$ cat my_file.tsv   # TSV, C-alpha atoms
chain	number	residue	atom	x	y	z
A	135	MET	CA	6.66	-6.59	18.87
A	136	SER	CA	9.38	-4.83	16.89
A	137	SER	CA	8.09	-1.45	15.73
A	138	ALA	CA	11.33	0.57	15.58
A	139	THR	CA	14.23	0.81	13.13
A	140	GLY	CA	17.50	2.71	12.95
A	141	THR	CA	20.40	3.49	15.29
A	142	ARG	CA	21.00	7.25	15.17
A	143	PHE	CA	17.98	8.22	13.07
A	144	ARG	CA	15.44	6.04	14.84
A	145	VAL	CA	11.85	5.61	13.71
A	146	THR	CA	9.02	3.99	15.66
A	147	THR	CA	5.64	3.52	13.99
A	148	PHE	CA	2.33	2.93	15.75
A	149	GLY	CA	-1.31	2.21	15.01
A	150	GLU	CA	-3.57	-0.38	13.43
A	151	SER	CA	-5.47	-0.44	10.16
A	152	HIS	CA	-8.88	0.32	11.67
A	153	GLY	CA	-7.84	2.02	14.91
A	154	ARG	CA	-8.22	5.74	15.65
A	155	ALA	CA	-4.89	6.80	14.17
A	156	VAL	CA	-1.52	5.76	12.81
A	157	GLY	CA	1.76	7.62	13.03
A	158	ALA	CA	5.42	7.66	13.96
A	159	VAL	CA	8.01	9.05	16.35
A	160	VAL	CA	11.33	10.11	14.82
A	161	ASP	CA	14.23	10.37	17.25
A	162	GLY	CA	17.67	11.64	16.26
A	163	CYS	CA	16.72	14.13	13.58
A	164	PRO	CA	19.27	16.96	13.71
A	165	ALA	CA	18.20	20.35	15.03
A	166	ARG	CA	17.59	23.44	12.89
A	167	LEU	CA	16.33	21.45	9.91
A	168	ALA	CA	13.63	23.37	8.03
A	169	LEU	CA	10.52	21.20	8.29
A	170	ARG	CA	6.83	21.84	7.69
A	171	GLU	CA	3.82	19.59	7.63
A	172	ALA	CA	3.59	20.26	3.89
A	173	ASP	CA	6.99	18.58	3.39
A	174	ILE	CA	5.52	15.41	4.84
A	175	GLN	CA	2.06	15.73	3.29
A	176	ALA	CA	3.34	15.56	-0.28
A	177	GLN	CA	4.53	11.99	0.15
A	178	LEU	CA	1.47	10.96	2.16
A	179	ASP	CA	-0.74	12.18	-0.68
A	180	ARG	CA	1.12	9.87	-3.06
A	181	ARG	CA	0.57	6.89	-0.74
A	182	ARG	CA	-2.98	7.49	0.45
A	183	PRO	CA	-5.83	5.14	-0.52
A	184	GLY	CA	-8.46	6.42	-2.92
A	185	GLY	CA	-5.87	8.49	-4.75
A	186	THR	CA	-6.15	6.64	-8.08
A	187	ALA	CA	-8.65	4.49	-9.94
A	188	LEU	CA	-6.27	1.54	-9.67
A	189	GLY	CA	-6.24	1.45	-5.86
A	190	SER	CA	-8.39	0.70	-2.86
A	191	ALA	CA	-11.83	2.27	-2.55
A	192	ARG	CA	-10.99	3.33	1.02
A	193	ARG	CA	-11.01	7.13	1.19
A	194	GLU	CA	-8.55	8.73	3.58
A	195	GLU	CA	-7.27	12.30	3.59
A	196	ASP	CA	-4.21	11.23	5.57
A	197	ARG	CA	-3.62	14.73	6.94
A	198	VAL	CA	-0.49	14.76	9.07
A	199	VAL	CA	-0.29	16.61	12.39
A	200	LEU	CA	3.10	17.37	13.94
A	201	LEU	CA	2.78	16.93	17.69
A	202	SER	CA	6.31	17.70	18.87
A	203	GLY	CA	9.90	18.38	17.90
A	204	VAL	CA	9.27	21.34	15.57
A	205	GLU	CA	8.85	25.05	16.33
A	206	ASP	CA	8.59	27.96	13.90
A	207	GLY	CA	9.37	25.61	11.01
A	208	LEU	CA	12.64	24.30	12.48
A	209	THR	CA	13.39	20.98	14.15
A	210	LEU	CA	14.45	21.26	17.79
A	211	GLY	CA	16.61	18.13	18.00
A	212	GLY	CA	14.11	16.23	20.15
A	213	PRO	CA	11.67	13.47	19.19
A	214	ILE	CA	9.34	14.42	16.35
A	215	ALA	CA	5.93	12.87	16.94
A	216	LEU	CA	3.40	12.87	14.13
A	217	MET	CA	-0.10	11.47	13.78
A	218	ILE	CA	-2.53	10.72	10.97
A	219	GLU	CA	-6.15	9.96	11.84
A	220	ASN	CA	-8.05	7.01	10.37
A	221	ARG	CA	-11.34	8.56	9.25
A	222	ASP	CA	-12.71	5.87	6.92
A	223	GLN	CA	-12.12	2.79	9.06
A	224	ARG	CA	-14.74	0.04	8.80
A	225	PRO	CA	-13.96	-2.77	11.25
A	226	GLY	CA	-17.42	-4.20	10.63
A	227	ASP	CA	-16.33	-5.26	7.14
A	228	TYR	CA	-14.25	-7.99	8.79
A	229	ARG	CA	-16.82	-9.32	11.26
A	230	ASP	CA	-17.48	-12.54	9.32
A	231	TRP	CA	-13.75	-13.35	9.07
A	232	ARG	CA	-12.85	-13.27	12.76
A	233	ASN	CA	-12.52	-17.06	12.98
A	234	VAL	CA	-10.98	-17.53	9.52
A	235	PRO	CA	-7.23	-17.19	8.87
A	236	ARG	CA	-7.26	-15.57	5.44
A	237	PRO	CA	-4.99	-17.19	2.81
A	238	SER	CA	-1.50	-15.61	2.66
A	239	HIS	CA	-2.37	-13.07	5.40
A	240	ALA	CA	-0.78	-12.76	8.84
A	241	ASP	CA	-3.93	-13.83	10.73
A	242	PHE	CA	-2.66	-17.30	11.59
A	243	THR	CA	0.91	-16.31	12.47
A	244	TYR	CA	-0.09	-13.32	14.65
A	245	GLN	CA	-2.57	-15.53	16.49
A	246	ALA	CA	0.10	-18.21	16.94
A	247	LYS	CA	2.65	-15.74	18.31
A	248	TYR	CA	0.53	-13.40	20.46
A	249	GLY	CA	-2.62	-15.37	21.18
A	250	ILE	CA	-4.59	-12.36	19.99
A	251	ARG	CA	-4.77	-10.23	16.88
A	252	ALA	CA	-6.54	-7.22	15.41
A	253	ALA	CA	-9.11	-9.06	13.34
A	254	SER	CA	-10.15	-5.93	11.43
A	255	GLY	CA	-7.91	-5.32	8.44
A	256	GLY	CA	-4.85	-7.12	9.78
A	257	GLY	CA	-3.82	-4.61	12.47
A	258	ARG	CA	-0.08	-4.01	12.46
A	259	ALA	CA	0.34	-6.42	9.54
A	260	SER	CA	-1.80	-4.16	7.35
A	261	ALA	CA	-0.26	-1.90	4.73
A	262	ARG	CA	-1.99	0.92	6.62
A	263	GLU	CA	1.01	0.78	8.98
A	264	THR	CA	3.18	2.17	6.17
A	265	VAL	CA	1.63	5.63	6.63
A	266	GLY	CA	4.02	6.20	9.54
A	267	ARG	CA	6.97	4.98	7.47
A	268	VAL	CA	6.19	7.38	4.64
A	269	ALA	CA	5.79	10.33	7.02
A	270	ALA	CA	9.07	9.54	8.81
A	271	GLY	CA	10.75	8.91	5.47
A	272	ALA	CA	9.69	12.36	4.27
A	273	ILE	CA	11.51	13.87	7.25
A	274	ALA	CA	14.59	11.79	6.41
A	275	GLU	CA	14.38	12.94	2.79
A	276	THR	CA	14.22	16.58	3.86
A	277	PHE	CA	17.38	16.09	5.91
A	278	LEU	CA	19.19	14.23	3.12
A	279	ALA	CA	18.26	16.79	0.47
A	280	GLU	CA	19.15	19.84	2.59
A	281	ARG	CA	22.41	18.58	4.08
A	282	HIS	CA	23.69	16.24	1.33
A	283	GLY	CA	21.80	17.00	-1.90
A	284	ILE	CA	20.52	13.41	-2.12
A	285	GLU	CA	17.60	12.57	-4.39
A	286	ILE	CA	15.56	9.35	-4.17
A	287	VAL	CA	13.22	8.27	-6.97
A	288	ALA	CA	11.31	4.98	-7.29
A	289	TRP	CA	8.94	3.71	-9.95
A	290	VAL	CA	6.99	0.63	-10.99
A	291	ALA	CA	9.21	-1.48	-13.23
A	292	ALA	CA	6.95	-4.52	-13.60
A	293	VAL	CA	3.36	-5.57	-12.95
A	294	GLY	CA	2.71	-9.28	-13.32
A	295	PRO	CA	4.23	-10.34	-16.67
A	296	VAL	CA	4.45	-6.75	-17.99
A	297	GLU	CA	7.94	-5.24	-17.71
A	298	ALA	CA	9.16	-1.74	-18.49
A	299	PRO	CA	12.56	-1.16	-20.13
A	300	ASP	CA	15.52	-0.50	-17.84
A	301	LEU	CA	15.36	3.18	-16.89
A	302	THR	CA	18.04	3.20	-14.19
A	303	GLN	CA	20.42	5.25	-16.34
A	304	ALA	CA	17.73	7.76	-17.30
A	305	ASN	CA	17.05	10.90	-15.31
A	306	VAL	CA	13.65	9.69	-14.06
A	307	THR	CA	11.92	12.23	-11.83
A	308	ARG	CA	8.97	11.91	-9.46
A	309	SER	CA	6.89	14.20	-11.61
A	310	LEU	CA	7.47	11.86	-14.56
A	311	VAL	CA	6.63	8.82	-12.41
A	312	ASP	CA	3.39	10.44	-11.26
A	313	GLU	CA	2.16	11.27	-14.76
A	314	ARG	CA	0.35	7.91	-14.85
A	315	PRO	CA	-1.69	6.21	-12.08
A	316	VAL	CA	0.33	3.00	-12.32
A	317	ARG	CA	3.51	5.04	-11.62
A	318	CYS	CA	5.57	3.64	-14.49
A	319	PRO	CA	7.42	6.38	-16.42
A	320	ASP	CA	7.41	4.40	-19.69
A	321	ALA	CA	4.17	5.23	-21.56
A	322	ASP	CA	3.82	1.96	-23.48
A	323	ALA	CA	4.57	-0.27	-20.47
A	324	ALA	CA	2.29	1.85	-18.26
A	325	ALA	CA	-0.64	1.32	-20.61
A	326	ARG	CA	-0.12	-2.44	-20.63
A	327	MET	CA	0.31	-2.52	-16.84
A	328	THR	CA	-2.91	-0.58	-16.36
A	329	ALA	CA	-4.80	-2.98	-18.62
A	330	ALA	CA	-3.38	-5.95	-16.69
A	331	VAL	CA	-4.44	-4.49	-13.31
A	332	GLU	CA	-7.94	-3.66	-14.57
A	333	ALA	CA	-8.31	-7.19	-15.98
A	334	ALA	CA	-7.25	-8.75	-12.68
A	335	ARG	CA	-9.68	-6.54	-10.76
A	336	ALA	CA	-12.53	-7.49	-13.10
A	337	GLU	CA	-11.80	-11.15	-12.39
A	338	GLY	CA	-11.71	-10.60	-8.63
A	339	ASP	CA	-7.97	-11.22	-8.60
A	340	SER	CA	-4.71	-9.32	-8.01
A	341	LEU	CA	-1.20	-8.84	-9.38
A	342	GLY	CA	2.28	-8.36	-7.94
A	343	GLY	CA	5.33	-6.72	-9.48
A	344	ILE	CA	8.63	-4.93	-9.01
A	345	VAL	CA	9.58	-1.42	-7.85
A	346	THR	CA	12.95	-0.01	-8.93
A	347	ALA	CA	14.63	2.75	-6.89
A	348	VAL	CA	17.61	5.01	-7.54
A	349	CYS	CA	19.32	7.08	-4.82
A	350	ARG	CA	21.44	9.80	-6.44
A	351	HIS	CA	24.34	11.88	-5.06
A	352	VAL	CA	25.02	9.57	-2.09
A	353	PRO	CA	28.65	10.19	-1.08
A	354	ALA	CA	31.23	7.44	-0.80
A	355	GLY	CA	31.87	6.05	2.67
A	356	TRP	CA	28.43	5.31	4.13
A	357	GLY	CA	27.68	1.89	5.59
A	358	GLU	CA	28.88	-0.04	8.65
A	359	PRO	CA	30.56	-3.39	7.87
A	360	VAL	CA	30.21	-6.14	8.60
A	361	PHE	CA	26.66	-6.54	9.92
A	362	GLY	CA	25.53	-3.01	9.16
A	363	LYS	CA	26.45	-3.08	5.48
A	364	MET	CA	24.49	-0.65	3.35
A	365	GLU	CA	22.90	-3.39	1.26
A	366	ALA	CA	22.02	-5.37	4.40
A	367	CYS	CA	20.27	-2.37	5.93
A	368	LEU	CA	18.43	-1.58	2.71
A	369	ALA	CA	17.36	-5.22	2.33
A	370	ALA	CA	16.07	-5.36	5.91
A	371	ALA	CA	14.14	-2.12	5.42
A	372	MET	CA	12.58	-3.16	2.12
A	373	LEU	CA	11.69	-6.67	3.21
A	374	SER	CA	9.92	-5.23	6.26
A	375	ILE	CA	7.37	-3.57	3.94
A	376	PRO	CA	4.09	-5.51	3.79
A	377	ALA	CA	3.88	-7.78	0.69
A	378	ALA	CA	7.62	-7.43	-0.10
A	379	LYS	CA	9.11	-10.77	-1.11
A	380	GLY	CA	12.46	-10.03	-2.72
A	381	PHE	CA	15.34	-7.53	-2.83
A	382	GLU	CA	18.28	-7.14	-5.17
A	383	LEU	CA	21.03	-4.53	-5.46
A	384	GLY	CA	22.71	-3.55	-8.70
A	385	SER	CA	22.98	-6.53	-11.02
A	386	GLY	CA	21.22	-8.66	-8.41
A	387	PHE	CA	20.36	-12.20	-9.42
A	388	GLN	CA	21.32	-11.50	-13.04
A	389	GLY	CA	24.88	-10.91	-11.86
A	390	ALA	CA	25.04	-14.47	-10.56
A	391	ARG	CA	24.88	-15.63	-14.18
A	392	MET	CA	27.83	-13.50	-15.30
A	393	ARG	CA	31.59	-13.99	-15.22
A	394	GLY	CA	33.77	-11.75	-13.13
A	395	SER	CA	35.33	-10.24	-16.24
A	396	GLU	CA	31.85	-9.16	-17.34
A	397	HIS	CA	30.61	-8.08	-13.94
A	398	ASN	CA	33.50	-6.11	-12.43
A	399	ASP	CA	33.16	-2.32	-12.22
A	400	ALA	CA	36.45	-0.79	-13.34
A	401	PHE	CA	37.52	2.43	-11.63
A	402	VAL	CA	37.98	5.59	-13.69
A	403	ALA	CA	38.82	9.22	-12.94
A	404	LYS	CA	35.73	11.40	-12.67
A	405	GLY	CA	36.82	15.00	-12.32
A	406	ASP	CA	38.70	15.33	-9.04
A	407	THR	CA	37.64	11.95	-7.68
A	408	LEU	CA	37.27	8.30	-8.62
A	409	GLY	CA	34.18	6.52	-9.89
A	410	THR	CA	33.29	3.38	-11.79
A	411	ALA	CA	32.76	2.97	-15.52
A	412	THR	CA	29.78	0.70	-14.91
A	413	ASN	CA	27.51	0.28	-11.89
A	414	ARG	CA	26.75	-3.40	-11.56
A	415	SER	CA	27.60	-3.04	-7.86
A	416	GLY	CA	24.58	-0.78	-7.51
A	417	GLY	CA	26.53	1.93	-5.70
A	418	VAL	CA	27.75	-0.28	-2.86
A	419	GLN	CA	31.00	-2.26	-2.50
A	420	GLY	CA	32.05	-4.09	0.63
A	421	GLY	CA	28.89	-2.81	2.31
A	422	ILE	CA	30.01	0.82	1.86
A	423	THR	CA	28.69	3.34	-0.65
A	424	ASN	CA	31.15	4.11	-3.47
A	425	GLY	CA	29.66	7.39	-4.71
A	426	GLU	CA	27.74	5.92	-7.64
A	427	PRO	CA	23.92	5.90	-7.66
A	428	ILE	CA	22.43	3.26	-5.38
A	429	VAL	CA	20.16	1.11	-7.54
A	430	PHE	CA	17.92	-1.60	-6.13
A	431	ARG	CA	14.69	-3.44	-6.84
A	432	VAL	CA	11.96	-4.76	-4.55
A	433	ALA	CA	9.57	-7.55	-5.53
A	434	PHE	CA	5.99	-7.46	-4.19
A	435	LYS	CA	3.60	-10.39	-4.13
A	436	PRO	CA	0.04	-10.13	-5.47
A	437	THR	CA	-2.36	-8.55	-2.96
A	438	ALA	CA	-3.53	-11.34	-0.65
A	439	THR	CA	-7.09	-10.02	-0.31
A	440	ILE	CA	-9.04	-10.88	-3.46
A	441	SER	CA	-12.74	-10.83	-4.30
A	442	ARG	CA	-13.05	-14.28	-5.83
A	443	GLU	CA	-14.04	-17.26	-3.69
A	444	GLN	CA	-11.25	-19.23	-1.97
A	445	ARG	CA	-11.55	-22.59	-0.25
A	446	THR	CA	-9.80	-22.63	3.12
A	447	VAL	CA	-10.50	-23.62	6.75
A	448	ASP	CA	-11.35	-21.70	9.92
A	449	PHE	CA	-9.30	-21.78	13.13
A	450	ASP	CA	-11.18	-24.93	14.15
A	451	GLY	CA	-10.15	-26.68	10.95
A	452	LYS	CA	-13.63	-26.66	9.42
A	453	PRO	CA	-13.77	-26.07	5.66
A	454	VAL	CA	-15.13	-22.68	4.60
A	455	VAL	CA	-15.49	-20.77	1.36
A	456	LEU	CA	-14.08	-17.28	1.82
A	457	LYS	CA	-15.27	-14.43	-0.36
A	458	ALA	CA	-13.60	-11.26	0.79
A	459	GLY	CA	-15.52	-8.08	1.36
A	460	GLY	CA	-13.87	-4.87	2.48
A	461	ARG	CA	-11.68	-2.69	0.25
A	462	HIS	CA	-8.32	-3.58	-1.20
A	463	ASP	CA	-5.84	-2.80	-3.96
A	464	PRO	CA	-5.80	-5.17	-6.95
A	465	CYS	CA	-2.09	-4.27	-7.17
A	466	VAL	CA	-0.03	-2.66	-4.38
A	467	LEU	CA	2.76	-1.44	-6.66
A	468	PRO	CA	1.65	2.17	-7.39
A	469	ARG	CA	1.14	2.97	-3.70
A	470	ALA	CA	4.30	1.08	-2.71
A	471	VAL	CA	6.49	3.58	-4.58
A	472	PRO	CA	6.52	6.28	-1.84
A	473	VAL	CA	6.90	3.56	0.82
A	474	VAL	CA	10.08	2.29	-0.88
A	475	GLU	CA	11.38	5.85	-1.17
A	476	GLY	CA	10.61	6.54	2.48
A	477	MET	CA	12.33	3.42	3.78
A	478	ALA	CA	15.40	4.14	1.62
A	479	ALA	CA	15.54	7.66	3.07
A	480	ILE	CA	15.34	6.35	6.64
A	481	VAL	CA	18.25	3.96	6.00
A	482	LEU	CA	20.37	6.65	4.34
A	483	ALA	CA	19.66	9.24	7.04
A	484	ASP	CA	20.76	6.76	9.68
A	485	ALA	CA	23.90	5.95	7.66
A	486	ALA	CA	24.70	9.65	7.27
A	487	LEU	CA	24.56	10.24	11.01
A	488	LEU	CA	26.56	7.09	11.74
A	489	ALA	CA	29.24	8.09	9.21
A	490	GLY	CA	30.03	11.36	10.96
A	491	GLU	CA	33.19	12.99	9.62
A	492	PRO	CA	34.90	11.37	6.59
A	493	MET	CA	37.75	9.02	7.38
A	494	GLY	CA	40.61	7.70	5.29
A	495	ARG	CA	42.24	9.14	2.19
A	496	ASP	CA	40.57	12.11	0.51
A	497	PHE	CA	40.35	11.04	-3.13
A	498	GLY	CA	39.32	14.57	-4.03
A	499	ALA	CA	42.90	15.81	-3.36
A	500	ARG	CA	44.86	13.83	-5.94

$ encode --input "my_file.tsv" --output "structure tokens"
Amino acid sequence: MSSATGTRFRVTTFGESHGRAVGAVVDGCPARLALREADIQAQLDRRRPGGTALGSARREEDRVVLLSGVEDGLTLGGPIALMIENRDQRPGDYRDWRNVPRPSHADFTYQAKYGIRAASGGGRASARETVGRVAAGAIAETFLAERHGIEIVAWVAAVGPVEAPDLTQANVTRSLVDERPVRCPDADAAARMTAAVEAARAEGDSLGGIVTAVCRHVPAGWGEPVFGKMEACLAAAMLSIPAAKGFELGSGFQGARMRGSEHNDAFVAKGDTLGTATNRSGGVQGGITNGEPIVFRVAFKPTATISREQRTVDFDGKPVVLKAGGRHDPCVLPRAVPVVEGMAAIVLADAALLAGEPMGRDFGAR
């Protein structure tokens, strides 16, 4: 099973949805980085279940414990191990489903591949696994902010048919994103999204949507062509998130409908360096960052666990009517925001360490 990502900044997550704990091991974090549990806890609090009225009824404190790699508030350069206990696990909620592959879940495929699976809550396929990603991502963000001044902000741009206006050029902040439980910074769209989620929940159903992310102040020159291109690494990271179904950078699929004369980003002088007049490339050209903000979007499917009855079959092929118990989110989007930010930070931290010293012409000395 593949549970690790990254080359220089390497993250391994562990744990199952209803096991004793989940967590991560971060290897390759530079030494002498100021790091406290509180730096990690802030992002875990944004992801945790039970945090808003729109999410799962599962109640978890998600208190992080640093087990190694940090002393007196500074990283030591060795592996950073961290753990978060599962305190509100209820494996008994899934007892009646043990012989039923739930629609659009990983029950059937895990059973087919491994011949065994964690029948309670989906095991490693559960979104509970993302706790370790968010914790590791918070460490990556601390490194990126301290050493490179990088800022990563994500928000909910669409829920079902409700779309917010394009805010990628606005100075959206996390505090603005968090003003509303649905995590959309546009007040009108947020109200309509909230109503849509509440209506779906009342009908025993769920909704999907889109998260937009912007990574600011990323320097030019990061990314490893040809197979380690920045957009390829970001796409792999985002599509590894549970429920993620699509990824696009910059103009994305809309750019496929444009002519080159409309789509090209012309270069202009920006102070002592070069930049682009537009950013349809989304901050990446040729797989390498160009110094403009990295802008991407991630599409998430509707939550697979729903309360309404579904006709399916068990592992023996016998027809059954499945009515899910347990606790689930009617829409994963609000809690996916810190997961997207964390995975982007992990990719960028790895790229920063791989880039090493700048190479090529210094466009700052014109």

$ closest_residue --input "my_file.tsv" --among "A:Ala411, A:Ala272, A:Ala323, A:Val360" --to "A:Asp300" --atoms "only C-alpha atoms"
A:Ala323

$ atom_distance --input "my_file.tsv" --atom1 "atom CA of A:Gly451" --atom2 "atom CA of A:Val234"
9.3 Å

$ residues_around --input "my_file.tsv" --residues "A:Arg414" --least-positions-apart "5" --cutoff "10 Å" --atoms "all atoms listed in the file" --output "list of chain:residue names"
A:Leu383, A:Gly384, A:Ser385, A:Gly386, A:Gln388, A:Gly389, A:Glu396, A:His397, A:Asn398, A:Asp399, A:Val429

$ closest_residue --input "my_file.tsv" --among "A:Met135, A:Ala298, A:Lys404, A:Arg181" --to "A:Tyr248" --atoms "only C-alpha atoms"
A:Met135

$ closest_residue --input "my_file.tsv" --among "A:Ala433, A:Ala366, A:Val402, A:Ala158" --to "A:Lys379" --atoms "only C-alpha atoms"
A:Ala433

$ residues_around --input "my_file.tsv" --residues "A:Ala478" --least-positions-apart "3" --cutoff "9 Å" --atoms "all atoms listed in the file" --output "PyMOL selection string"
chain A and resi 271+275+286+347+349+368+371-372+473-475+481-483

$ atom_distance --input "my_file.tsv" --atom1 "atom CA of A:Gly256" --atom2 "atom CA of A:Asp241"
6.8 Å

$ residues_around --input "my_file.tsv" --residues "A:Pro453" --least-positions-apart "5" --cutoff "12 Å" --atoms "only C-alpha atoms" --output "number ranges by chain"
A: 233-235, 444-448

$ residues_around --input "my_file.tsv" --residues "A:Leu169" --least-positions-apart "2" --cutoff "8 Å" --atoms "all atoms listed in the file" --output "list in words"
Leu167, Glu171, Asp173, Val204, Gly207, Leu208, Thr209, Ile273 and Thr276 of chain A

$ closest_residue --input "my_file.tsv" --among "A:Pro295, A:Pro464, A:Gly266, A:Pro213" --to "A:Leu188" --atoms "only C-alpha atoms"
A:Pro464

$ residues_around --input "my_file.tsv" --residues "A:Arg314" --least-positions-apart "5" --cutoff "9 Å" --atoms "only C-alpha atoms" --output "list in words"
Pro319, Ala321, Ala324 and Ala325 of chain A
